[in-house]
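Undergrad: Okay, handing you the structure first.
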Amino acid sequence: MAEATWKFAPEVDAAAREALAAAFAQPDRLRPLPGAPERLAARRRYGLLACPRPLPFQVFAKVFSEDSPGRRLRLLLGRSDAACEFRIAVGLRQAGLPVPRPLALVVERPASGPPQSCLLMEFIADARPLLDLLAGPPVAVGQAEQAIAERLARLIVDLAARGFWHKDLRPANILVRPHVAGGTPSIVLLDVRHAVAGACPPEQALGHMLAAACGFLLAEGADAAFVRALAESAVRIGCEVGMGLAPQAAEAALDRGRAFARDLAARAARKDAARPDRPAVPHGALDTFAHRYGSAADAASYRDRRFARSRHGRKVDAAERRIVEQLMRDLAVRGRVLDVPCGAGRFLPILAAGGRDVLGADAAPEMIDLARRAAHDAGAGAGCSFVAADARRLPVPDGATEFVLCMRLLHRIADAAERAAVLKELARVSRRWVLFSFYNSRSLRGLRERLRGRYAGETRRTVAREAAEAGLAVERFLPAGPGGRQTLVLCSAAHPER
C-alpha cells in the first residue's frame, strides 16, 4: 500500500476532502478524458478521477512521475512540477482569476518504484476550446465574437494588473463557456504552470502576453479581425485600469504577434521537413541546433533577445568581449582567425581589429547573413569572409588558422563523442591557439540544472581530458564571472609549427 501525503486547497471543505481521499484509494481510479484516450506525455498522465462518493463537480487528475534523482530531490524540497503548479493555481484563484479550481496535491510513495505526485483540479466540462468557436471562414466580428474578444482581453489585463505573466497563451490553453447567466461568455485559463508572478512591470507583462496571444491566434488561423478586436480591447481596458499605454500599443502588439506567427510557421515547417516520411537527416545536437535558426526571423530574434534585451545579457556579452579582446592582445595574434560558430557576428569587430583576416563559419546561412551585415556595419567587412559549415566538418585545411574561437557551442552537446568530434576538428585547423567555452557543471546554475534533470555541462577535469584527447593542451580556464556557469578555455595546439 502506497503512503500518500495530501495538501488541500483552502476552499475545499471537509466533505469534499473525504470524497477525494476515498476516490484516490481505489486501484483503478483514473478514467480517460471524454473524447480522448488517457495519454502519457512528458512524464505526466491525465484523466478523470472516478469518485464513488458524489461530488458537485468532476475531478481532473494530472499525475507526475518523480523518476529521476533530480526530480526526487525537488520533491523533497517542495519544488516538484506538481507542487509549483498547485501553488500557482491557488495564487491565481485567490487573486480572482478564472482558472480551474485547484483541489489538492497528493504525493504517493509506494513500497517499490519511484514516488509520484498528483495534481487534482476541477474539470471544466461545459467549456469549448477558443478556436472551435472561431472556426469557419473569415467574417465580420459579430456580437458573440466581440464579447469573447472582450473577455479574453480583460483576462490578459487582469493577469498583468495582478502581477502575473502567463507565458503560454496559446488557444489550446483558453476555454470558453459561452452559455452562462445572461448569455455572456466567460473565459477559463488552463496550464497555469506557465504563469509567473512579479517577472516584470504590469505594462510590460501586458505587452508580452497580448503579442503572444495574437501570434498564437494568427498561427492557428483565427480571423485577423478577431485578433485586432482582441488587441484594441486589451489596450482600451488597460488604459481604463490606469496602465500607461501608448496610443499605438495595439498596433505594436499586432506587429509583434504577426512576427511571432511567422516564427511559429517556420518552426512548424522545419518539424514537417524532419518527419519520418521525408529524407533522413543527421540527429546530433548540432543538427538540431542548426535548424533552430532556419529562418531570418529566428536568427534575428536570437540576436536581439540573447544579449541585448536584459541587463544580465548585456553584462555577460561585455565580459566575454573583454576576455577575447585581451587575449588577442596578450597572444599577439596576427594570422588568420576562425570564428565558429560566428552567429550574428558579435565578436567579428574584435577578431578583425588590426587588419586580421577572419573566417566566420556557421551552420545556419541566416546567421551568416546577420554576421556579414554586422561586420560591414563595424567597418570590418573587408577582412571577413564567411562559409556555411558544420563544426564537425570544417572546409579549412590543416593548421590554416592561428587562432580559433568557438564560443557558446559545446555547452549544447551532451554527447561526449559529438563533443570529441568538434574538439578534434578545432585542433586540426589551428596551428597555435583554440579558445572555446563550456558550461561548468559545478556552478550554482549547473546544480540547478541537475536538479531539474537537464544537461548541466561538464567539470573542468573532464574538459581538460577531452581537450587532451583531441590534441589540445589547456593553458588556462577563464570564468566569465565569479562562479559563472559559462567558462572559457584557452588551449594550445599540440603541433604549433605545422
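In the C-alpha cells, chains take letters A, B, ... by order of appearance, with residues numbered from 1 within each chain and ligands from 1 in the order shown.
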Residues near stretch 244-255 of chain A, anyone? I mean within 12 Å using only C-alpha atoms, not counting same-chain ones fewer than 2 positions away, as a PyMOL selection string.
TA: chain A and resi 153+157+161+201-218+224-242+257-262
Undergrad: Which neighbours of A:Ala23 fall inside 10 Å, counting only C-alpha atoms, when residues of the same chain fewer than 6 positions from it are skipped, and could you give them as a ChimeraX atom specification?
TA: /A:17,29-30,49-53
Undergrad: Using the selection just defined, write its residues with C-alpha atoms as an mmCIF file, in the first residue's frame.
TA:
data_model
loop_
_atom_site.group_PDB
_atom_site.id
_atom_site.type_symbol
_atom_site.label_atom_id
_atom_site.label_comp_id
_atom_site.auth_asym_id
_atom_site.auth_seq_id
_atom_site.Cartn_x
_atom_site.Cartn_y
_atom_site.Cartn_z
ATOM 1 C CA ARG A 17 -11.711 16.099 1.202
ATOM 2 C CA ARG A 29 -9.017 5.493 -10.048
ATOM 3 C CA LEU A 30 -8.310 7.214 -13.393
ATOM 4 C CA LEU A 49 -10.809 10.715 -11.073
ATOM 5 C CA ALA A 50 -13.533 8.108 -10.544
ATOM 6 C CA CYS A 51 -15.368 9.241 -7.402
ATOM 7 C CA PRO A 52 -17.615 6.654 -5.668
ATOM 8 C CA ARG A 53 -18.948 9.363 -3.367
#
Undergrad: Have a look at atom CA of A:Arg154 and atom CA of A:Val176 and let me know their distance in Å, one decimal.
TA: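 Answer for the atom CA of A:Arg154 to atom CA of A:Val176 separation: 13.5 Å.
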Undergrad: Using only C-alpha atoms, find the one residue out of A:Ala125, A:Arg193, A:Ala420, A:Cys491 that sits nearest to A:Cys84.
TA: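 Ranking A:Ala125, A:Arg193, A:Ala420, A:Cys491 by distance to A:Cys84, first place goes to A:Arg193.
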Undergrad: Which one of A:Ala9, A:Leu351, A:Ala417, A:Ala268 sits closest to A:Cys384 if you count only C-alpha atoms?
TA: A:Leu351
Undergrad: Quick one, how far is atom CA of A:Ala4 from atom CA of A:Gly47?
TA: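 These two atoms are separated by 18.9 Å.
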Undergrad: Which residue out of A:Arg476, A:Lys167, A:Arg452, A:Arg162 has the minimum interatomic distance to A:Ser80 when only C-alpha atoms are used?
TA: A:Arg452
Undergrad: List the neighbours of A:Met407 out to 9 Å using only C-alpha atoms; skip same-chain residues closer than 4 positions along the sequence, and give me the result as a PyMOL selection string.
TA: chain A and resi 339-342+435-438+488
Undergrad: Pull N, CA and C atoms from the residues just selected and write them as a PDB file, in the first residue's frame.
TA:
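Heads up, here's the output in out24.pdb:
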ATOM      1  N   ASP A 339      36.221  31.947 -36.586  1.00  0.00           N
ATOM      2  CA  ASP A 339      35.150  32.107 -35.599  1.00  0.00           C
ATOM      3  C   ASP A 339      34.049  31.121 -35.947  1.00  0.00           C
ATOM      4  N   VAL A 340      33.892  30.062 -35.120  1.00  0.00           N
ATOM      5  CA  VAL A 340      32.903  29.031 -35.401  1.00  0.00           C
ATOM      6  C   VAL A 340      32.225  28.608 -34.095  1.00  0.00           C
ATOM      7  N   PRO A 341      30.924  28.726 -33.983  1.00  0.00           N
ATOM      8  CA  PRO A 341      30.010  29.369 -34.933  1.00  0.00           C
ATOM      9  C   PRO A 341      30.079  30.884 -34.767  1.00  0.00           C
ATOM     10  N   CYS A 342      30.028  31.581 -35.879  1.00  0.00           N
ATOM     11  CA  CYS A 342      30.139  33.041 -35.805  1.00  0.00           C
ATOM     12  C   CYS A 342      28.836  33.690 -35.356  1.00  0.00           C
ATOM     13  N   LEU A 435      40.319  28.798 -28.457  1.00  0.00           N
ATOM     14  CA  LEU A 435      39.561  29.293 -27.301  1.00  0.00           C
ATOM     15  C   LEU A 435      38.121  28.825 -27.463  1.00  0.00           C
ATOM     16  N   PHE A 436      37.652  28.010 -26.526  1.00  0.00           N
ATOM     17  CA  PHE A 436      36.260  27.556 -26.587  1.00  0.00           C
ATOM     18  C   PHE A 436      35.614  27.730 -25.219  1.00  0.00           C
ATOM     19  N   SER A 437      34.302  27.594 -25.179  1.00  0.00           N
ATOM     20  CA  SER A 437      33.561  27.755 -23.928  1.00  0.00           C
ATOM     21  C   SER A 437      32.762  26.494 -23.632  1.00  0.00           C
ATOM     22  N   PHE A 438      32.455  26.309 -22.352  1.00  0.00           N
ATOM     23  CA  PHE A 438      31.610  25.187 -21.942  1.00  0.00           C
ATOM     24  C   PHE A 438      30.846  25.601 -20.697  1.00  0.00           C
ATOM     25  N   LEU A 488      35.397  29.828 -20.135  1.00  0.00           N
ATOM     26  CA  LEU A 488      36.206  29.843 -21.343  1.00  0.00           C
ATOM     27  C   LEU A 488      37.494  29.069 -21.098  1.00  0.00           C
TER      28      LEU A 488
END
Undergrad: For the structure I just gave you, how does DSSP split stretch 335-446 of chain A - specifically, which residues are strand (DSSP E)? Reply as a ChimeraX atom specification.
TA: /A:337-339,358-362,384-388,401-406,430-439
